[in-house]
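Participant: Provided below: start23.cif, containing mmCIF, C-alpha atoms.
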data_query
loop_
_atom_site.label_atom_id
_atom_site.label_comp_id
_atom_site.auth_asym_id
_atom_site.auth_seq_id
_atom_site.Cartn_x
_atom_site.Cartn_y
_atom_site.Cartn_z
CA MET A 1 16.72 -32.06 -15.00
CA GLY A 2 18.67 -31.32 -18.18
CA ASN A 3 20.59 -28.15 -18.85
CA ILE A 4 19.56 -25.32 -16.48
CA ASN A 5 19.98 -22.81 -19.33
CA ASP A 6 17.03 -24.42 -21.13
CA TYR A 7 14.73 -23.02 -18.46
CA TYR A 8 15.83 -19.42 -18.97
CA PRO A 9 15.29 -17.32 -22.13
CA THR A 10 18.29 -16.33 -24.27
CA SER A 11 16.69 -12.88 -24.47
CA GLY A 12 13.91 -11.65 -22.23
CA ARG A 13 13.31 -12.02 -18.52
CA VAL A 14 11.88 -14.30 -15.85
CA ILE A 15 9.72 -12.49 -13.30
CA LEU A 16 8.11 -13.78 -10.11
CA HIS A 17 5.23 -12.06 -8.34
CA VAL A 18 5.00 -13.07 -4.66
CA ASP A 19 1.59 -12.32 -3.16
CA MET A 20 0.94 -13.08 0.52
CA ASN A 21 -2.47 -14.71 1.08
CA ALA A 22 -4.93 -13.00 3.48
CA PHE A 23 -1.79 -11.37 4.86
CA TYR A 24 -3.03 -9.57 7.99
CA CYS A 25 -5.15 -12.54 9.16
CA SER A 26 -2.33 -14.97 8.32
CA VAL A 27 0.12 -12.91 10.43
CA HIS A 28 -2.21 -13.09 13.46
CA GLU A 29 -2.60 -16.84 12.89
CA ALA A 30 1.21 -17.26 12.71
CA GLU A 31 1.57 -15.32 15.99
CA GLU A 32 -1.25 -17.12 17.85
CA PRO A 33 -2.03 -20.39 16.02
CA GLU A 34 -3.85 -21.92 18.98
CA ARG A 35 -6.29 -19.01 18.91
CA TYR A 36 -6.80 -18.38 15.20
CA ARG A 37 -5.81 -21.43 13.08
CA GLY A 38 -8.70 -22.61 10.91
CA GLN A 39 -11.02 -19.97 12.39
CA ALA A 40 -13.19 -17.46 10.57
CA THR A 41 -11.26 -14.25 11.32
CA ALA A 42 -11.32 -10.72 9.95
CA VAL A 43 -9.14 -7.69 10.52
CA ALA A 44 -11.36 -4.61 10.81
CA GLY A 45 -10.40 -1.01 11.46
CA SER A 46 -13.02 -0.23 14.08
CA VAL A 47 -13.72 -3.45 15.98
CA GLU A 48 -15.13 -2.11 19.21
CA LEU A 49 -17.71 0.08 17.48
CA ARG A 50 -18.91 -2.61 15.05
CA LYS A 51 -18.54 0.03 12.37
CA GLY A 52 -16.02 0.33 9.61
CA VAL A 53 -15.16 -2.26 7.00
CA ILE A 54 -13.31 -5.55 6.81
CA VAL A 55 -9.73 -4.93 5.69
CA THR A 56 -9.07 -8.63 5.05
CA CYS A 57 -10.51 -11.97 6.18
CA SER A 58 -9.28 -15.54 6.48
CA TYR A 59 -10.04 -18.18 3.84
CA THR A 60 -12.38 -19.90 6.34
CA ALA A 61 -14.37 -16.64 6.55
CA ARG A 62 -14.31 -16.29 2.75
CA GLY A 63 -15.79 -19.76 2.46
CA MET A 64 -18.79 -18.46 4.43
CA GLY A 65 -19.35 -15.56 2.03
CA ILE A 66 -17.50 -12.84 3.95
CA ARG A 67 -15.48 -10.49 1.74
CA THR A 68 -12.87 -7.72 2.01
CA GLY A 69 -14.57 -4.31 1.95
CA MET A 70 -17.75 -5.64 3.52
CA ASN A 71 -19.28 -3.70 6.40
CA VAL A 72 -18.52 -5.33 9.78
CA ARG A 73 -22.20 -5.37 10.74
CA GLN A 74 -23.09 -7.10 7.48
CA ALA A 75 -20.34 -9.72 8.03
CA LEU A 76 -21.60 -10.45 11.57
CA LYS A 77 -25.09 -11.09 10.16
CA ILE A 78 -23.61 -13.72 7.84
CA TYR A 79 -21.57 -15.34 10.64
CA PRO A 80 -22.14 -14.01 14.19
CA ASP A 81 -19.11 -15.93 15.55
CA LEU A 82 -16.68 -14.18 13.19
CA ILE A 83 -13.54 -13.31 15.20
CA LEU A 84 -12.76 -9.61 14.74
CA ILE A 85 -9.12 -8.54 15.17
CA GLN A 86 -7.81 -5.01 15.49
CA PRO A 87 -5.03 -4.19 13.01
CA ASN A 88 -1.42 -4.28 14.25
CA PHE A 89 0.71 -2.57 11.61
CA HIS A 90 3.86 -2.93 13.68
CA LEU A 91 3.47 -6.71 13.44
CA TYR A 92 2.60 -6.62 9.71
CA ARG A 93 5.70 -4.55 8.95
CA LYS A 94 7.86 -7.05 10.86
CA TYR A 95 6.51 -10.00 8.84
CA SER A 96 6.67 -8.01 5.60
CA ASN A 97 10.37 -7.34 6.13
CA ALA A 98 10.90 -11.02 6.95
CA PHE A 99 9.25 -12.43 3.82
CA MET A 100 10.99 -9.88 1.58
CA ASN A 101 14.35 -10.82 3.12
CA ILE A 102 13.70 -14.44 2.14
CA ALA A 103 12.85 -13.36 -1.43
CA TYR A 104 15.87 -11.02 -1.55
CA ALA A 105 18.19 -14.00 -0.96
CA TYR A 106 17.47 -15.12 -4.57
CA THR A 107 17.93 -11.81 -6.41
CA PRO A 108 18.83 -8.18 -5.61
CA LEU A 109 16.18 -7.14 -8.17
CA LEU A 110 13.21 -6.90 -5.81
CA GLU A 111 10.41 -4.33 -6.16
CA ALA A 112 8.02 -4.06 -3.22
CA THR A 113 4.66 -2.74 -4.41
CA SER A 114 2.86 -2.94 -1.07
CA ILE A 115 3.27 -4.41 2.39
CA ASP A 116 2.25 -7.90 1.19
CA GLU A 117 3.52 -8.28 -2.39
CA CYS A 118 6.65 -7.88 -4.47
CA TYR A 119 8.13 -8.58 -7.92
CA LEU A 120 11.43 -10.40 -8.37
CA ASP A 121 13.51 -10.44 -11.56
CA ILE A 122 15.27 -13.84 -11.38
CA THR A 123 16.70 -13.79 -14.93
CA GLY A 124 20.23 -13.91 -13.45
CA SER A 125 19.46 -16.39 -10.66
CA LYS A 126 20.24 -19.68 -12.47
CA GLN A 127 22.58 -20.77 -9.67
CA PHE A 128 19.49 -21.38 -7.50
CA GLY A 129 17.80 -23.73 -10.00
CA THR A 130 14.93 -23.46 -12.48
CA PRO A 131 12.31 -20.69 -12.07
CA LEU A 132 9.83 -23.24 -10.71
CA GLN A 133 12.38 -24.56 -8.19
CA ILE A 134 13.13 -21.00 -7.02
CA ALA A 135 9.41 -20.23 -6.63
CA GLU A 136 8.83 -23.49 -4.72
CA GLU A 137 11.80 -22.81 -2.44
CA ILE A 138 10.66 -19.25 -1.65
CA GLN A 139 7.12 -20.46 -0.96
CA THR A 140 8.37 -23.34 1.25
CA ARG A 141 10.73 -21.09 3.22
CA ILE A 142 8.01 -18.46 3.83
CA ARG A 143 5.68 -21.23 5.01
CA GLU A 144 8.25 -23.00 7.22
CA GLU A 145 10.12 -19.98 8.62
CA LEU A 146 7.18 -17.59 9.03
CA SER A 147 4.11 -19.91 8.98
CA LEU A 148 2.60 -17.77 6.22
CA PRO A 149 0.91 -18.83 2.96
CA CYS A 150 1.72 -17.13 -0.34
CA SER A 151 0.95 -17.51 -4.04
CA ILE A 152 3.58 -16.99 -6.74
CA GLY A 153 3.21 -16.23 -10.43
CA ILE A 154 6.09 -17.08 -12.83
CA ALA A 155 6.09 -15.25 -16.17
CA PRO A 156 8.19 -13.36 -18.75
CA ASN A 157 6.86 -10.00 -17.49
CA LYS A 158 5.31 -8.26 -14.48
CA LEU A 159 1.77 -8.20 -15.87
CA LEU A 160 1.55 -11.96 -16.41
CA ALA A 161 3.40 -12.73 -13.16
CA LYS A 162 0.77 -10.70 -11.28
CA MET A 163 -2.07 -12.42 -13.18
CA GLY A 164 -0.42 -15.79 -12.40
CA SER A 165 -0.17 -15.19 -8.65
CA ASP A 166 -3.92 -14.45 -8.58
CA MET A 167 -4.85 -17.78 -10.18
CA LYS A 168 -4.29 -20.25 -7.35
CA LYS A 169 -4.92 -19.04 -3.81
CA PRO A 170 -3.87 -19.88 -1.19
CA ASN A 171 -0.45 -21.53 -1.62
CA GLY A 172 -0.50 -21.78 -5.41
CA ILE A 173 2.23 -21.47 -8.02
CA SER A 174 1.20 -20.66 -11.61
CA ILE A 175 3.33 -20.37 -14.74
CA MET A 176 2.02 -17.91 -17.35
CA ARG A 177 3.55 -17.84 -20.84
CA ILE A 178 2.67 -15.48 -23.68
CA ARG A 179 1.39 -18.47 -25.67
CA ASP A 180 -1.03 -19.34 -22.82
CA VAL A 181 -2.75 -15.93 -22.96
CA PRO A 182 -5.45 -16.74 -25.58
CA LYS A 183 -6.48 -19.96 -23.80
CA VAL A 184 -6.21 -18.73 -20.21
CA LEU A 185 -7.14 -15.03 -20.35
CA TRP A 186 -9.13 -14.16 -23.45
CA GLY A 187 -12.40 -15.60 -22.17
CA ARG A 188 -12.23 -13.53 -18.97
CA PRO A 189 -13.94 -10.15 -18.39
CA CYS A 190 -11.82 -7.05 -19.10
CA GLY A 191 -11.99 -6.03 -15.44
CA GLU A 192 -9.86 -9.08 -14.54
CA LEU A 193 -6.90 -7.76 -16.54
CA PHE A 194 -4.54 -6.20 -13.99
CA GLY A 195 -4.54 -2.42 -14.44
CA ILE A 196 -8.14 -2.15 -15.68
CA GLY A 197 -10.55 -0.84 -13.05
CA SER A 198 -14.33 -1.04 -12.96
CA LYS A 199 -14.83 2.39 -14.61
CA THR A 200 -12.56 1.51 -17.53
CA ALA A 201 -14.27 -1.90 -17.87
CA GLU A 202 -17.64 -0.11 -18.01
CA LYS A 203 -16.38 2.22 -20.77
CA LEU A 204 -15.12 -0.82 -22.70
CA ARG A 205 -18.54 -2.47 -22.33
CA LYS A 206 -20.10 0.57 -24.01
CA LEU A 207 -17.76 -0.11 -26.94
CA ASN A 208 -19.04 -3.75 -26.97
CA ILE A 209 -15.70 -4.99 -25.64
CA THR A 210 -16.61 -7.35 -22.80
CA ASN A 211 -13.72 -9.79 -22.48
CA ILE A 212 -9.92 -9.73 -22.81
CA GLY A 213 -10.03 -11.54 -26.17
CA GLU A 214 -12.27 -8.84 -27.66
CA LEU A 215 -9.89 -6.23 -26.22
CA ALA A 216 -6.94 -7.97 -27.92
CA ALA A 217 -8.81 -7.89 -31.24
CA ALA A 218 -10.12 -4.31 -30.87
CA ASP A 219 -9.07 -1.53 -33.23
CA GLU A 220 -6.20 0.35 -31.58
CA GLY A 221 -7.34 3.65 -33.08
CA LEU A 222 -10.72 3.24 -31.36
CA LEU A 223 -9.01 2.47 -28.06
CA THR A 224 -6.56 5.41 -28.21
CA SER A 225 -9.28 7.86 -29.29
CA THR A 226 -11.30 6.80 -26.21
CA PHE A 227 -8.56 6.21 -23.62
CA GLY A 228 -5.48 8.07 -24.96
CA VAL A 229 -2.11 6.35 -24.43
CA MET A 230 -3.78 3.86 -22.07
CA GLY A 231 -5.61 2.45 -25.12
CA HIS A 232 -2.28 1.33 -26.61
CA TRP A 233 -1.23 -0.19 -23.26
CA MET A 234 -4.55 -2.08 -22.89
CA LYS A 235 -4.29 -3.69 -26.33
CA GLN A 236 -0.69 -4.77 -25.61
CA ALA A 237 -1.68 -6.09 -22.16
CA ALA A 238 -4.57 -8.09 -23.65
CA HIS A 239 -1.93 -9.91 -25.72
CA GLY A 240 0.11 -10.50 -22.53
CA LEU A 241 2.80 -7.94 -23.44
CA ASP A 242 4.36 -5.69 -20.78
CA TYR A 243 7.79 -4.04 -20.90
CA ALA A 244 7.94 -2.45 -17.43
CA PRO A 245 11.17 -3.43 -15.62
CA VAL A 246 11.35 -4.60 -12.01
CA ASN A 247 12.38 -1.36 -10.34
CA ALA A 248 14.77 -2.44 -7.59
CA ASP A 249 15.73 1.14 -6.72
CA ARG A 250 13.89 1.92 -3.55
CA GLU A 251 12.86 5.34 -4.73
CA GLN A 252 12.62 8.20 -2.32
CA SER A 253 8.97 8.48 -1.36
CA LYS A 254 7.06 10.71 -3.78
CA SER A 255 4.66 11.62 -0.99
CA ILE A 256 4.02 10.94 2.69
CA GLY A 257 0.42 10.91 3.77
CA HIS A 258 -1.94 9.80 6.50
CA THR A 259 -5.74 9.64 6.62
CA THR A 260 -8.08 8.78 9.46
CA THR A 261 -11.69 7.60 9.21
CA LEU A 262 -13.79 9.01 12.03
CA PRO A 263 -16.12 6.74 14.08
CA ALA A 264 -18.81 9.44 13.94
CA ASP A 265 -19.12 12.26 11.43
CA ILE A 266 -17.69 15.53 12.70
CA THR A 267 -19.17 18.92 11.96
CA SER A 268 -17.37 21.41 14.20
CA THR A 269 -14.28 23.29 13.04
CA GLU A 270 -12.69 22.72 16.46
CA ASP A 271 -12.95 18.92 16.10
CA ALA A 272 -11.71 18.98 12.49
CA LYS A 273 -8.69 21.09 13.41
CA ARG A 274 -7.74 18.81 16.31
CA VAL A 275 -7.73 15.89 13.85
CA LEU A 276 -5.64 17.97 11.41
CA LEU A 277 -3.14 18.76 14.19
CA ASN A 278 -2.70 15.05 14.97
CA LEU A 279 -2.30 14.22 11.29
CA SER A 280 0.20 17.08 10.79
CA ASP A 281 2.19 15.87 13.78
CA GLN A 282 2.50 12.32 12.43
CA VAL A 283 3.25 13.12 8.77
CA ALA A 284 5.90 15.60 9.94
CA ARG A 285 7.44 12.89 12.15
CA ARG A 286 7.62 10.47 9.22
CA LEU A 287 9.08 13.24 7.03
CA ARG A 288 11.88 13.95 9.53
CA LYS A 289 12.62 10.24 10.02
CA GLN A 290 13.35 10.02 6.28
CA LYS A 291 15.37 13.28 6.40
CA LEU A 292 13.07 14.92 3.85
CA MET A 293 11.45 18.33 3.40
CA ALA A 294 8.05 19.02 1.79
CA SER A 295 7.15 21.84 -0.59
CA GLY A 296 3.46 21.00 -0.95
CA VAL A 297 0.56 20.06 1.34
CA GLN A 298 -2.60 18.28 0.19
CA LEU A 299 -5.79 18.04 2.26
CA THR A 300 -8.21 15.12 1.73
CA LEU A 301 -11.84 15.40 2.88
CA ARG A 302 -14.48 12.68 2.56
CA THR A 303 -18.19 13.17 3.18
CA PRO A 304 -20.61 10.58 4.69
CA ASP A 305 -21.84 9.77 1.14
CA MET A 306 -18.20 8.82 0.27
CA LYS A 307 -17.49 11.82 -1.97
CA THR A 308 -13.76 12.59 -1.75
CA ILE A 309 -12.33 16.10 -2.21
CA THR A 310 -8.60 16.87 -2.40
CA ARG A 311 -7.09 20.35 -2.36
CA SER A 312 -3.42 21.32 -2.27
CA ARG A 313 -1.15 24.31 -1.66
CA GLN A 314 2.42 25.12 -2.66
CA LEU A 315 4.64 26.27 0.19
CA GLY A 316 6.85 29.33 -0.10
CA THR A 317 9.81 27.36 1.31
CA PRO A 318 10.27 23.63 2.02
CA THR A 319 9.45 22.57 5.58
CA GLU A 320 9.67 19.65 8.02
CA ASN A 321 7.75 21.36 10.83
CA THR A 322 4.42 20.24 12.24
CA GLU A 323 3.23 23.82 12.78
CA ASP A 324 3.89 24.83 9.13
CA ILE A 325 2.03 21.76 7.83
CA TYR A 326 -0.84 22.30 10.28
CA ARG A 327 -1.14 25.98 9.31
CA GLU A 328 -1.34 25.13 5.60
CA ALA A 329 -3.86 22.32 6.21
CA CYS A 330 -6.07 24.71 8.22
CA LEU A 331 -5.89 27.33 5.46
CA LEU A 332 -7.04 24.71 2.94
CA TYR A 333 -9.81 23.56 5.26
CA ASP A 334 -11.08 27.12 5.90
CA LYS A 335 -11.00 27.96 2.20
CA HIS A 336 -12.56 24.82 0.74
CA TRP A 337 -14.95 23.48 3.35
CA ASN A 338 -18.31 24.81 4.52
CA GLN A 339 -18.09 24.58 8.29
CA GLY A 340 -21.06 22.73 9.77
CA LYS A 341 -21.18 20.14 6.94
CA PRO A 342 -20.36 16.62 8.20
CA LEU A 343 -17.05 14.87 7.45
CA ARG A 344 -16.30 11.14 7.58
CA LEU A 345 -12.55 11.19 6.83
CA LEU A 346 -9.65 13.65 6.94
CA GLY A 347 -6.16 13.24 5.52
CA ILE A 348 -2.94 15.18 4.96
CA THR A 349 -0.38 14.30 2.28
CA LEU A 350 3.03 15.99 1.95
CA GLN A 351 4.17 16.38 -1.65
CA GLN A 352 7.19 17.53 -3.69
CA LEU A 353 9.61 15.95 -1.27
CA SER A 354 13.33 16.63 -1.37
CA ALA A 355 16.29 15.44 0.68
CA ARG A 356 16.87 17.67 3.69
CA GLU A 357 20.52 18.34 2.85
CA GLU A 358 19.56 19.36 -0.71
CA SER A 359 16.80 21.73 0.32
CA VAL A 360 18.07 25.27 0.34
CA VAL A 361 15.69 26.97 2.74
CA GLN A 362 15.45 30.65 1.90
CA LEU A 363 14.55 31.91 5.34
CA ASP A 364 13.69 35.52 5.85
CA LEU A 365 15.51 37.39 8.63
CA PHE A 366 12.71 36.91 11.17
CA ASN A 367 12.65 33.12 10.64
CA TYR A 368 16.42 32.95 10.39
CA GLU A 369 16.77 34.08 14.00
CA LYS A 370 14.16 31.64 15.29
CA GLN A 371 15.09 28.66 13.13
CA PRO A 372 17.98 27.16 15.19
CA LYS A 373 15.84 27.27 18.37
CA LYS A 374 12.89 25.70 16.55
CA GLU A 375 15.08 22.95 15.08
CA SER A 376 16.73 22.06 18.39
CA LEU A 377 13.31 21.92 20.15
CA THR A 378 11.94 19.65 17.41
CA LYS A 379 15.03 17.43 17.69
CA VAL A 380 14.65 17.08 21.46
CA MET A 381 10.94 16.23 21.08
CA ASP A 382 11.71 13.63 18.40
CA GLU A 383 14.39 12.03 20.58
CA LEU A 384 12.01 11.86 23.56
CA ARG A 385 9.36 10.20 21.40
CA ASN A 386 11.86 7.80 19.86
CA LYS A 387 12.83 6.72 23.37
CA PHE A 388 9.54 6.85 25.28
CA GLY A 389 6.90 6.39 22.56
CA GLU A 390 4.81 8.62 20.34
CA SER A 391 2.61 9.90 23.18
CA ALA A 392 5.54 11.11 25.30
CA VAL A 393 5.24 14.74 24.16
CA LEU A 394 1.82 16.04 23.12
CA THR A 395 0.24 19.45 22.97
CA ALA A 396 -3.18 20.00 24.51
CA GLY A 397 -4.71 20.48 21.06
CA MET A 398 -3.89 16.87 20.13
CA LEU A 399 -5.96 15.24 22.87
CA GLY A 400 -9.32 13.79 21.97
CA ASP A 401 -11.24 10.54 21.72
CA ASP A 402 -11.33 10.20 17.92
CA PRO A 403 -8.97 7.89 15.98
CA SER A 404 -6.65 10.77 15.09
CA ALA A 405 -5.34 10.47 18.66
CA LEU A 406 -4.54 6.81 17.94
CA ILE A 407 -2.35 7.38 14.89
CA ARG A 408 0.68 7.80 17.13
CA ASN A 409 0.25 4.13 18.10
CA HIS A 410 2.61 2.27 15.75
CA LYS A 411 0.59 -0.93 16.13
CA VAL A 412 -2.61 0.66 14.89
CA ARG A 413 -1.53 3.16 12.28
CA GLY A 414 -0.61 2.48 8.71
CA THR A 415 -1.94 1.21 5.42
CA SER A 416 -0.89 -1.51 3.00
CA LEU A 417 0.63 1.20 0.81
CA GLN A 418 2.72 2.85 3.51
CA MET A 419 6.17 1.72 2.45
CA ASP A 420 8.53 3.93 4.51
CA PHE A 421 9.57 0.90 6.58
CA VAL A 422 10.77 -1.15 3.57
CA ARG A 423 13.85 1.04 3.34
CA ASN A 424 14.98 -0.43 6.64
CA THR A 425 14.80 -4.06 5.48
CA GLU A 426 17.87 -5.89 6.73
CA ARG A 427 20.08 -6.93 3.84
CA LYS A 428 22.17 -10.05 4.09
CA PRO A 429 25.87 -9.07 3.74
CA GLU A 430 26.54 -11.56 0.95
CA GLN A 431 23.87 -9.89 -1.19
CA GLU A 432 25.32 -6.39 -1.04
#
Any chance you could put this one into structure tokens?
Facilitator:
Amino acid sequence: MGNINDYYPTSGRVILHVDMNAFYCSVHEAEEPERYRGQATAVAGSVELRKGVIVTCSYTARGMGIRTGMNVRQALKIYPDLILIQPNFHLYRKYSNAFMNIAYAYTPLLEATSIDECYLDITGSKQFGTPLQIAEEIQTRIREELSLPCSIGIAPNKLLAKMGSDMKKPNGISIMRIRDVPKVLWGRPCGELFGIGSKTAEKLRKLNITNIGELAAADEGLLTSTFGVMGHWMKQAAHGLDYAPVNADREQSKSIGHTTTLPADITSTEDAKRVLLNLSDQVARRLRKQKLMASGVQLTLRTPDMKTITRSRQLGTPTENTEDIYREACLLYDKHWNQGKPLRLLGITLQQLSAREESVVQLDLFNYEKQPKKESLTKVMDELRNKFGESAVLTAGMLGDDPSALIRNHKVRGTSLQMDFVRNTERKPEQE
């Protein structure tokens, strides 16, 4: 093999991007191979109603023309025998922790960017072999120990590692070097460069910049005058340059939020406020579990034509209480929404979070007297729910037949970006 040092740069870094393939479907296949292996499967948010969209689908389903984001009804027209599976976020979190623990065995510098992907800085991991050997070992272990497929990109930076992991799916390993960029990337459309969305790609097209090579050759002044500082970043990225470090510090969440898509549009204030109460209850629970307080509340509203409106309020004092969050969400709803107009989705996000012990709550005298009672009641309710499940203690206002009543079910609730659970990943003692 030669000298191991030859495979690592004297200056610079070696980054891996591990991307789980068709993660949700692959997890169900790993759990029940006799039922799902080799089948056309799709995880969809609203299976029983044949509404909603496909969250992810197996590679067998993709081979038939079914795609993520497609309407369930549309997918069933393409392939009526498509197996629809309800999401189980409890299961996904378990497998996510497991694959990240495998990756963590090779470096403490791990940055989880979502439930199914992470970056690893393996610059200091020579004791485990060459970068390719490390990638192959991680991929093999994830396949053998968890029965899950993954793709891995190996590169000198995060941008190219991410681009590399996208190149061969499923089960691929790709090495991307700066010198490969002109040959491999420059002929591709701008929208394929990680970090450039469809709107930015459209703006670039109007400047007659259609592929990554043209972006690399574009005048930086033109780009910065159109896109601001992002123009400088795009030109650098088109040359394969990226200086962002792998951020291994599991940062305190910047926000905690939850949205729910409704099976039928709602128009009544009563229905909307019941959904808001359920959402307030769950975001407050997650806030308390992380021992945080919130100083801002944001309300998200989406109409049937997919227009999204967000409105936020600053709180006078930080809070962790459901009733405070619910009150603020209702105030935002009453102020910014014309009652009677239909809504497709509602969401609440808590912002400006701070550690509970650092939050100096300036309580007025009236609150000061009630606060200890309120806190002990909340604590008892949390303990009951920890022990007996999320539905153990509910108020009458939370009951209903819309999905907001389901968000207490830990199997159903969650999104690929909900990363609270990662903080609880078991760390092997020798790595600490």
Participant: So which residues touch Leu222 of chain A within 10 Å, counting all atoms listed in the file, skipping near sequence neighbours fewer than 5 positions away, as JSON, numbers by chain?
Facilitator: {"A": [207, 227, 228, 231, 232]}
Participant: Could you check the closest approach to Leu109 of chain A for each of A:Val14, A:Leu204, A:Ile175, A:Ile78 and tell me which residue wins, using all atoms listed in the file?
Facilitator: A:Val14
Participant: Using only C-alpha atoms, pick whichever of A:Thr303, A:Thr68, A:Asn278, A:Ser295 has the shortest atom-to-atom distance to Ser255 of chain A.
Facilitator: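 Closest residue, counting only C-alpha atoms: A:Ser295.
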Participant: Neighbourhood query: residues within 7 Å of (2.1, -14.5, -9.7), file coordinates, counting all atoms listed in the file; return as a list of chain:residue names.
Facilitator: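 Those residues, ordered by chain and then number, are A:Leu16, A:His17, A:Val18, A:Asp19, A:Ser151, A:Ile152, A:Gly153, A:Ile154, A:Ala161, A:Lys162, A:Met163, A:Gly164, A:Ser165, A:Asp166, A:Ser174.
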Participant: Evaluate the PyMOL selection byres ((chain A and resi 193-197) around 12) against this structure - the residues, as a ChimeraX atom specification, please.
Facilitator: /A:158-166,181,184-192,198-204,210-213,215-216,227,230-231,233-242
Participant: Please produce a file of the residues just selected, as a PDB file, keeping the file's coordinate frame, where the atoms kept are C-alpha atoms.
Facilitator:
ATOM      1  CA  LYS A 158       5.310  -8.260 -14.480  1.00  0.00           C
ATOM      2  CA  LEU A 159       1.770  -8.200 -15.870  1.00  0.00           C
ATOM      3  CA  LEU A 160       1.550 -11.960 -16.410  1.00  0.00           C
ATOM      4  CA  ALA A 161       3.400 -12.730 -13.160  1.00  0.00           C
ATOM      5  CA  LYS A 162       0.770 -10.700 -11.280  1.00  0.00           C
ATOM      6  CA  MET A 163      -2.070 -12.420 -13.180  1.00  0.00           C
ATOM      7  CA  GLY A 164      -0.420 -15.790 -12.400  1.00  0.00           C
ATOM      8  CA  SER A 165      -0.170 -15.190  -8.650  1.00  0.00           C
ATOM      9  CA  ASP A 166      -3.920 -14.450  -8.580  1.00  0.00           C
ATOM     10  CA  VAL A 181      -2.750 -15.930 -22.960  1.00  0.00           C
ATOM     11  CA  VAL A 184      -6.210 -18.730 -20.210  1.00  0.00           C
ATOM     12  CA  LEU A 185      -7.140 -15.030 -20.350  1.00  0.00           C
ATOM     13  CA  TRP A 186      -9.130 -14.160 -23.450  1.00  0.00           C
ATOM     14  CA  GLY A 187     -12.400 -15.600 -22.170  1.00  0.00           C
ATOM     15  CA  ARG A 188     -12.230 -13.530 -18.970  1.00  0.00           C
ATOM     16  CA  PRO A 189     -13.940 -10.150 -18.390  1.00  0.00           C
ATOM     17  CA  CYS A 190     -11.820  -7.050 -19.100  1.00  0.00           C
ATOM     18  CA  GLY A 191     -11.990  -6.030 -15.440  1.00  0.00           C
ATOM     19  CA  GLU A 192      -9.860  -9.080 -14.540  1.00  0.00           C
ATOM     20  CA  SER A 198     -14.330  -1.040 -12.960  1.00  0.00           C
ATOM     21  CA  LYS A 199     -14.830   2.390 -14.610  1.00  0.00           C
ATOM     22  CA  THR A 200     -12.560   1.510 -17.530  1.00  0.00           C
ATOM     23  CA  ALA A 201     -14.270  -1.900 -17.870  1.00  0.00           C
ATOM     24  CA  GLU A 202     -17.640  -0.110 -18.010  1.00  0.00           C
ATOM     25  CA  LYS A 203     -16.380   2.220 -20.770  1.00  0.00           C
ATOM     26  CA  LEU A 204     -15.120  -0.820 -22.700  1.00  0.00           C
ATOM     27  CA  THR A 210     -16.610  -7.350 -22.800  1.00  0.00           C
ATOM     28  CA  ASN A 211     -13.720  -9.790 -22.480  1.00  0.00           C
ATOM     29  CA  ILE A 212      -9.920  -9.730 -22.810  1.00  0.00           C
ATOM     30  CA  GLY A 213     -10.030 -11.540 -26.170  1.00  0.00           C
ATOM     31  CA  LEU A 215      -9.890  -6.230 -26.220  1.00  0.00           C
ATOM     32  CA  ALA A 216      -6.940  -7.970 -27.920  1.00  0.00           C
ATOM     33  CA  PHE A 227      -8.560   6.210 -23.620  1.00  0.00           C
ATOM     34  CA  MET A 230      -3.780   3.860 -22.070  1.00  0.00           C
ATOM     35  CA  GLY A 231      -5.610   2.450 -25.120  1.00  0.00           C
ATOM     36  CA  TRP A 233      -1.230  -0.190 -23.260  1.00  0.00           C
ATOM     37  CA  MET A 234      -4.550  -2.080 -22.890  1.00  0.00           C
ATOM     38  CA  LYS A 235      -4.290  -3.690 -26.330  1.00  0.00           C
ATOM     39  CA  GLN A 236      -0.690  -4.770 -25.610  1.00  0.00           C
ATOM     40  CA  ALA A 237      -1.680  -6.090 -22.160  1.00  0.00           C
ATOM     41  CA  ALA A 238      -4.570  -8.090 -23.650  1.00  0.00           C
ATOM     42  CA  HIS A 239      -1.930  -9.910 -25.720  1.00  0.00           C
ATOM     43  CA  GLY A 240       0.110 -10.500 -22.530  1.00  0.00           C
ATOM     44  CA  LEU A 241       2.800  -7.940 -23.440  1.00  0.00           C
ATOM     45  CA  ASP A 242       4.360  -5.690 -20.780  1.00  0.00           C
TER      46      ASP A 242
END
Participant: Would you please work out which residue, of A:Pro149, A:Gly347, A:Pro87, A:Pro156, is nearest to Thr123 of chain A when using all atoms listed in the file?
Facilitator: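 Closest residue, counting all atoms listed in the file: A:Pro156.
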Participant: What is the atom CA of Ala284 of chain A to atom CA of Leu262 of chain A distance in Å?
Facilitator: 20.9 Å
Participant: Kindly indicate which residue among A:Thr267, A:Thr322, A:Thr224, A:Thr261 lies nearest to Arg302 of chain A, using all atoms listed in the file for the distances.
Facilitator: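 Smallest separation from Arg302 of chain A among the options: A:Thr261.
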Participant: Given the file above and the PyMOL selection byres ((chain A and resi 133) around 12), which residues are selected, and can you give them as an MDAnalysis selection string?
Facilitator: chainID A and resid 1 4 7 16 106 122 125:132 134:140 152 154 173 175
Participant: Between atom CA of Ile66 of chain A and atom CA of Ile54 of chain A, what distance in Å does the model show, to one decimal?
Facilitator: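 Going from atom CA of Ile66 of chain A over to atom CA of Ile54 of chain A covers 8.9 Å.
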Participant: Between atom CA of Pro245 of chain A and atom CA of Ala112 of chain A, what is the distance, to one decimal in Å?
Facilitator: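 That distance, rounded to one decimal, is 12.8 Å.
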Participant: Running the PyMOL selection byres ((chain A and resi 345) around 10) on this model by hand, what would come out? Give it as a list in words.
Facilitator: Thr259, Thr260, Thr261, Leu262, Pro263, Ala264, Asp265, Ile266, Ala272, Val275, Thr300, Leu301, Arg302, Thr303, Pro304, Met306, Thr308, Pro342, Leu343, Arg344, Leu346 and Gly347 of chain A
